[in-house]
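Have a look at query.cif; it's mmCIF, C-alpha atoms:
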```
data_coords
loop_
_atom_site.label_atom_id
_atom_site.label_comp_id
_atom_site.auth_asym_id
_atom_site.auth_seq_id
_atom_site.Cartn_x
_atom_site.Cartn_y
_atom_site.Cartn_z
CA ASP A 1 -148.61 -114.99 7.48
CA THR A 2 -150.47 -116.94 4.81
CA GLY A 3 -149.30 -114.99 1.78
CA VAL A 4 -151.32 -112.76 -0.52
CA SER A 5 -155.05 -113.26 -0.04
CA GLN A 6 -157.69 -112.45 -2.64
CA ASP A 7 -161.45 -112.42 -2.27
CA PRO A 8 -163.64 -113.70 -3.79
CA ARG A 9 -162.03 -116.64 -5.58
CA HIS A 10 -164.75 -116.67 -8.21
CA LYS A 11 -167.27 -114.10 -9.36
CA ILE A 12 -169.98 -114.48 -11.97
CA THR A 13 -171.74 -111.28 -12.95
CA LYS A 14 -174.10 -110.07 -15.60
CA ARG A 15 -172.88 -107.66 -18.22
CA GLY A 16 -173.30 -104.09 -17.10
CA GLN A 17 -172.99 -104.81 -13.39
CA ASN A 18 -170.23 -103.44 -11.16
CA VAL A 19 -167.86 -105.76 -9.34
CA THR A 20 -165.25 -105.20 -6.64
CA PHE A 21 -162.36 -107.44 -5.68
CA ARG A 22 -160.23 -107.32 -2.57
CA CYS A 23 -156.55 -108.09 -2.05
CA ASP A 24 -154.73 -108.42 1.25
CA PRO A 25 -150.96 -108.38 0.71
CA ILE A 26 -148.27 -109.98 2.84
CA SER A 27 -148.32 -107.79 5.94
CA GLU A 28 -144.88 -106.21 5.72
CA HIS A 29 -145.02 -105.61 1.96
CA ASN A 30 -145.45 -101.98 0.97
CA ARG A 31 -145.95 -102.56 -2.77
CA LEU A 32 -149.11 -104.04 -4.20
CA TYR A 33 -149.80 -104.88 -7.83
CA TRP A 34 -152.84 -105.81 -9.92
CA TYR A 35 -152.57 -107.93 -13.05
CA ARG A 36 -155.10 -109.52 -15.37
CA GLN A 37 -154.59 -112.88 -17.08
CA THR A 38 -156.70 -114.48 -19.78
CA LEU A 39 -156.45 -118.09 -20.94
CA GLY A 40 -153.26 -118.81 -22.85
CA GLN A 41 -151.76 -115.40 -22.11
CA GLY A 42 -149.28 -114.14 -19.61
CA PRO A 43 -150.40 -111.72 -16.88
CA GLU A 44 -150.94 -108.13 -18.03
CA PHE A 45 -149.93 -105.34 -15.70
CA LEU A 46 -152.75 -103.05 -14.60
CA THR A 47 -151.49 -100.86 -11.76
CA TYR A 48 -149.39 -100.75 -8.62
CA PHE A 49 -149.27 -98.98 -5.29
CA GLN A 50 -146.50 -98.12 -2.93
CA ASN A 51 -148.18 -97.74 0.42
CA GLU A 52 -151.36 -95.79 -0.37
CA ALA A 53 -150.00 -94.01 -3.46
CA GLN A 54 -150.91 -95.33 -6.90
CA LEU A 55 -147.61 -94.93 -8.76
CA GLU A 56 -148.20 -96.52 -12.13
CA LYS A 57 -151.21 -97.33 -14.29
CA SER A 58 -151.27 -99.26 -17.54
CA ARG A 59 -153.16 -97.91 -20.52
CA LEU A 60 -155.09 -101.18 -20.22
CA LEU A 61 -156.75 -99.68 -17.15
CA SER A 62 -159.72 -98.01 -18.79
CA ASP A 63 -161.97 -95.48 -17.10
CA ARG A 64 -164.21 -98.34 -15.99
CA PHE A 65 -161.44 -99.68 -13.77
CA SER A 66 -160.43 -98.10 -10.51
CA ALA A 67 -158.13 -99.30 -7.78
CA GLU A 68 -157.60 -98.03 -4.28
CA ARG A 69 -155.37 -98.77 -1.33
CA PRO A 70 -156.69 -96.29 1.20
CA LYS A 71 -154.58 -97.14 4.24
CA GLY A 72 -151.62 -98.72 2.53
CA SER A 73 -152.75 -102.20 3.52
CA PHE A 74 -155.48 -104.00 1.56
CA SER A 75 -156.51 -102.91 -1.91
CA THR A 76 -159.70 -103.02 -3.93
CA LEU A 77 -160.15 -103.19 -7.70
CA GLU A 78 -163.53 -102.12 -9.03
CA ILE A 79 -164.81 -102.68 -12.53
CA GLN A 80 -167.85 -100.65 -13.52
CA ARG A 81 -170.32 -101.61 -16.26
CA THR A 82 -168.63 -104.96 -16.85
CA GLU A 83 -168.23 -106.27 -20.38
CA GLN A 84 -167.69 -109.83 -21.58
CA GLY A 85 -164.12 -108.91 -22.46
CA ASP A 86 -163.47 -108.29 -18.78
CA SER A 87 -163.72 -112.03 -18.12
CA ALA A 88 -160.31 -113.03 -16.82
CA MET A 89 -158.30 -113.98 -13.77
CA TYR A 90 -157.43 -110.91 -11.73
CA LEU A 91 -154.18 -111.41 -9.88
CA CYS A 92 -152.84 -109.40 -6.99
CA ALA A 93 -149.20 -109.47 -5.94
CA SER A 94 -147.11 -107.80 -3.26
CA SER A 95 -143.48 -107.09 -2.50
CA LEU A 96 -141.13 -104.89 -0.54
CA ALA A 97 -139.91 -101.85 -2.43
CA GLY A 98 -136.62 -102.66 -4.11
CA ALA A 99 -137.15 -106.42 -3.97
CA TYR A 100 -136.79 -108.44 -7.13
CA GLY A 101 -139.96 -110.20 -8.14
CA TYR A 102 -143.08 -110.50 -6.07
CA THR A 103 -145.56 -112.97 -4.61
CA PHE A 104 -148.87 -113.50 -6.35
CA GLY A 105 -152.15 -114.33 -4.71
CA SER A 106 -154.43 -117.10 -5.94
CA GLY A 107 -156.48 -114.69 -8.00
CA THR A 108 -160.12 -113.85 -8.53
CA ARG A 109 -161.70 -115.43 -11.58
CA LEU A 110 -164.31 -113.15 -13.12
CA THR A 111 -166.89 -114.43 -15.57
CA VAL A 112 -169.16 -111.89 -17.24
CA VAL A 113 -172.29 -113.43 -18.76
CA GLN B 1 -144.76 -101.49 -28.05
CA LYS B 2 -142.86 -103.48 -25.49
CA GLU B 3 -143.00 -107.18 -26.29
CA VAL B 4 -141.76 -110.38 -24.75
CA GLU B 5 -141.79 -113.38 -27.04
CA GLN B 6 -141.80 -117.04 -26.07
CA ASN B 7 -142.50 -120.22 -27.97
CA SER B 8 -145.81 -121.44 -26.58
CA GLY B 9 -144.87 -125.11 -27.00
CA PRO B 10 -145.62 -127.62 -25.78
CA LEU B 11 -141.99 -128.47 -25.23
CA SER B 12 -141.61 -132.14 -24.40
CA VAL B 13 -138.46 -133.28 -22.58
CA PRO B 14 -137.66 -136.73 -21.17
CA GLU B 15 -137.20 -137.06 -17.44
CA GLY B 16 -133.62 -136.45 -16.37
CA ALA B 17 -132.74 -134.37 -19.45
CA ILE B 18 -132.07 -130.63 -19.66
CA ALA B 19 -135.04 -128.44 -20.54
CA SER B 20 -134.16 -125.20 -22.34
CA LEU B 21 -136.67 -122.36 -22.39
CA ASN B 22 -136.08 -119.22 -24.42
CA CYS B 23 -137.38 -115.68 -24.42
CA THR B 24 -136.66 -112.55 -26.46
CA TYR B 25 -137.65 -108.99 -25.64
CA SER B 26 -137.99 -105.90 -27.74
CA ASP B 27 -137.21 -103.00 -25.39
CA ARG B 28 -133.50 -102.36 -24.96
CA GLY B 29 -134.30 -100.36 -21.83
CA SER B 30 -135.33 -103.54 -20.01
CA GLN B 31 -133.18 -103.98 -16.94
CA SER B 32 -134.48 -106.94 -14.94
CA PHE B 33 -135.61 -110.31 -16.13
CA PHE B 34 -137.70 -112.92 -14.38
CA TRP B 35 -138.82 -116.49 -14.80
CA TYR B 36 -142.11 -117.55 -13.22
CA ARG B 37 -143.57 -121.03 -13.13
CA GLN B 38 -147.33 -121.47 -13.35
CA TYR B 39 -149.07 -124.77 -12.77
CA SER B 40 -152.46 -125.20 -14.38
CA GLY B 41 -155.12 -123.35 -12.41
CA LYS B 42 -152.56 -121.79 -10.07
CA SER B 43 -150.93 -118.38 -9.82
CA PRO B 44 -147.38 -117.68 -11.04
CA GLU B 45 -144.49 -118.28 -8.66
CA LEU B 46 -141.06 -116.72 -9.01
CA ILE B 47 -138.25 -119.12 -9.90
CA MET B 48 -135.37 -116.82 -10.74
CA PHE B 49 -134.43 -113.28 -11.65
CA ILE B 50 -131.36 -111.96 -13.44
CA TYR B 51 -130.16 -108.47 -14.28
CA SER B 52 -126.54 -108.88 -15.39
CA ASN B 53 -125.24 -110.47 -18.56
CA GLY B 54 -124.13 -114.04 -18.11
CA ASP B 55 -125.36 -117.01 -16.16
CA LYS B 56 -127.01 -117.26 -12.76
CA GLU B 57 -127.45 -120.65 -11.14
CA ASP B 58 -129.84 -121.72 -8.38
CA GLY B 59 -130.03 -125.43 -7.76
CA ARG B 60 -131.24 -127.18 -10.91
CA PHE B 61 -132.10 -123.87 -12.56
CA THR B 62 -129.80 -121.61 -14.58
CA ALA B 63 -130.88 -118.29 -16.04
CA GLN B 64 -128.87 -116.84 -18.90
CA LEU B 65 -129.00 -113.23 -20.09
CA ASN B 66 -127.57 -111.67 -23.23
CA LYS B 67 -128.59 -108.01 -23.41
CA ALA B 68 -126.86 -107.41 -26.73
CA SER B 69 -129.02 -110.09 -28.34
CA GLN B 70 -132.04 -109.20 -26.15
CA TYR B 71 -132.31 -112.81 -25.15
CA VAL B 72 -132.91 -114.57 -21.85
CA SER B 73 -133.15 -118.29 -21.24
CA LEU B 74 -133.87 -120.77 -18.47
CA LEU B 75 -132.22 -124.16 -18.23
CA ILE B 76 -133.65 -126.86 -16.00
CA ARG B 77 -131.23 -129.70 -15.32
CA ASP B 78 -132.29 -133.20 -14.31
CA SER B 79 -135.89 -132.45 -15.31
CA GLN B 80 -138.57 -133.99 -13.13
CA PRO B 81 -142.25 -134.64 -13.89
CA SER B 82 -143.06 -132.02 -11.24
CA ASP B 83 -141.36 -129.44 -13.48
CA SER B 84 -144.22 -129.82 -15.97
CA ALA B 85 -145.85 -126.40 -16.03
CA THR B 86 -146.03 -123.17 -18.01
CA TYR B 87 -142.93 -121.02 -17.70
CA LEU B 88 -143.44 -117.29 -18.00
CA CYS B 89 -140.67 -114.89 -18.94
CA ALA B 90 -141.10 -111.32 -17.67
CA VAL B 91 -139.10 -108.11 -18.04
CA LYS B 92 -139.04 -104.85 -16.15
CA LEU B 93 -137.89 -101.49 -17.41
CA GLY B 94 -135.80 -99.31 -15.19
CA GLY B 95 -136.42 -95.67 -14.42
CA GLY B 96 -138.98 -96.24 -11.71
CA ALA B 97 -141.36 -98.38 -13.77
CA ASP B 98 -142.23 -101.38 -11.67
CA GLY B 99 -144.77 -103.26 -13.75
CA LEU B 100 -143.64 -106.44 -15.46
CA THR B 101 -144.28 -107.30 -19.09
CA PHE B 102 -144.89 -111.02 -19.43
CA GLY B 103 -144.60 -113.34 -22.39
CA LYS B 104 -147.36 -115.81 -23.15
CA GLY B 105 -145.39 -118.62 -21.56
CA THR B 106 -143.96 -121.94 -22.71
CA HIS B 107 -145.81 -125.10 -21.78
CA LEU B 108 -143.22 -127.65 -20.63
CA ILE B 109 -144.00 -131.35 -20.38
CA ILE B 110 -141.52 -133.69 -18.69
CA GLN B 111 -142.12 -137.22 -19.88
CA PRO B 112 -141.45 -139.97 -17.28
#
```
Hey, can you dump this file as structure tokens for me?
Amino acid sequence: DTGVSQDPRHKITKRGQNVTFRCDPISEHNRLYWYRQTLGQGPEFLTYFQNEAQLEKSRLLSDRFSAERPKGSFSTLEIQRTEQGDSAMYLCASSLAGAYGYTFGSGTRLTVV
Amino acid sequence: QKEVEQNSGPLSVPEGAIASLNCTYSDRGSQSFFWYRQYSGKSPELIMFIYSNGDKEDGRFTAQLNKASQYVSLLIRDSQPSDSATYLCAVKLGGGADGLTFGKGTHLIIQP
């Protein structure tokens, strides 16, 4: 087990394009989280799943953002009609339900030009 | 609005000294508290968590929680240059909410 894996590591896209990121959690972890971090800020919670169910969504998650975890394993985060303000590091994390704290992946850095 | 406040620093501490990092939070419903370390260009890694008032020690690290004052701190004893990083304080509400609210982090520099 190599930890939480995120793909791609970097993504540059033009404003208005759609992008999709993938996260593969630690295999036995049933909870999966998405966060966004901009320079000089702490991570901001976006959403989390327990198995395939999306249990919590932040108000930061606008209609342009959608996340799925169809089989309770990997997850995807899609951003439609990207804006320059979407430029950030998108972090995925996973844990076992009831565990304290979780393990972050290396992140996907999105740059919208 | 739920807030977690940290002094952004940089906090400069000589090698071998005790580094003290502080954090305050606004929501009295917060139940669990976490310290993450983040090296430049890397993702956060969990150092410690605490949920009861008082002190919790793990090696060179001690977390302190005072719920009445809505204050949590992290002490790093015998600071090493490898401790130089940004330290993020995070809190979690109870009641089924599982997302963490992070502070902006404190940039710690250990001077050899």
Select, from A:Ser27, A:Thr103, A:Thr82, A:Thr111, the residue with the minimum atom-to-atom distance to chain B, counting only C-alpha atoms.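 The answer is A:Thr103, which sits nearest to chain B.
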Using all atoms listed in the file: which of B:Val4, B:Leu65, B:Leu74, B:Cys23 has the shortest distance to chain A: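 Among B:Val4, B:Leu65, B:Leu74, B:Cys23, it is B:Val4 that comes nearest to chain A.
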Give me the result of the PyMOL selection byres ((chain A) within 7 of (chain B)) on this file, residue by residue, as a PyMOL selection string. chain A and resi 40-45+101+103-107
Tell me which protein, DNA and RNA residues are within 7 Å of A:Arg36, counting only C-alpha atoms, leaving out same-chain ones fewer than 2 positions away, and put them as a ChimeraX atom specification. /A:34,38,43-46,88-91
Report as a list of chain:residue names the full result of the PyMOL selection byres ((chain B and resi 78) around 6) when it is applied to this structure. B:Gly16, B:Ala17, B:Ile18, B:Arg77, B:Ser79
So, with all atoms listed in the file as the atoms that count, which of B:Arg37, B:Lys67, B:Lys56, B:Arg28 lies closest to B:Asp83? B:Arg37
On this structure, the PyMOL selection byres ((chain A and resi 66) around 6) would catch which residues? List them as a ChimeraX atom specification, sorted by chain and number. /A:65,67,77-78
Hey, can you spit out that residue selection with C-alpha atoms as a CSV table (one decimal), keeping the file's coordinate frame?
```csv
chain,number,residue,atom,x,y,z
A,65,PHE,CA,-161.4,-99.7,-13.8
A,67,ALA,CA,-158.1,-99.3,-7.8
A,77,LEU,CA,-160.2,-103.2,-7.7
A,78,GLU,CA,-163.5,-102.1,-9.0
```
Anything within 7 Å of (-139.1, -124.2, -22.9): list those residues as a list in words, counting only C-alpha atoms and sticking to the file's coordinates.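 Those residues lying close to the given coordinates are Leu11, Ala19, Ser20, Leu21, Asn22, Thr106, His107 and Leu108 of chain B.
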Between A:Asn30, A:Ser62, A:Ser73, A:Thr108, which has the minimum distance to A:Ser94 (counting only C-alpha atoms)?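 When distances to A:Ser94 are compared using only C-alpha atoms, the smallest one comes from A:Asn30.
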Contacts of B:Asp27 within 10 Å, all atoms listed in the file, excl. fewer than 3 positions in-chain, as an NGL selection string: :B and (1-4 or 24 or 30-31 or 70 or 91-93)
Now that the selection is made, can you save its residues with C-alpha atoms as a compact mmCIF listing (two decimals), keeping the file's coordinate frame?
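Output file again_37.txt is given in full below:
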```
# COMPACT_ATOMS: atom_id res chain seq x y z
CA GLN B 1 -144.76 -101.49 -28.05
CA LYS B 2 -142.86 -103.48 -25.49
CA GLU B 3 -143.00 -107.18 -26.29
CA VAL B 4 -141.76 -110.38 -24.75
CA THR B 24 -136.66 -112.55 -26.46
CA SER B 30 -135.33 -103.54 -20.01
CA GLN B 31 -133.18 -103.98 -16.94
CA GLN B 70 -132.04 -109.20 -26.15
CA VAL B 91 -139.10 -108.11 -18.04
CA LYS B 92 -139.04 -104.85 -16.15
CA LEU B 93 -137.89 -101.49 -17.41
```
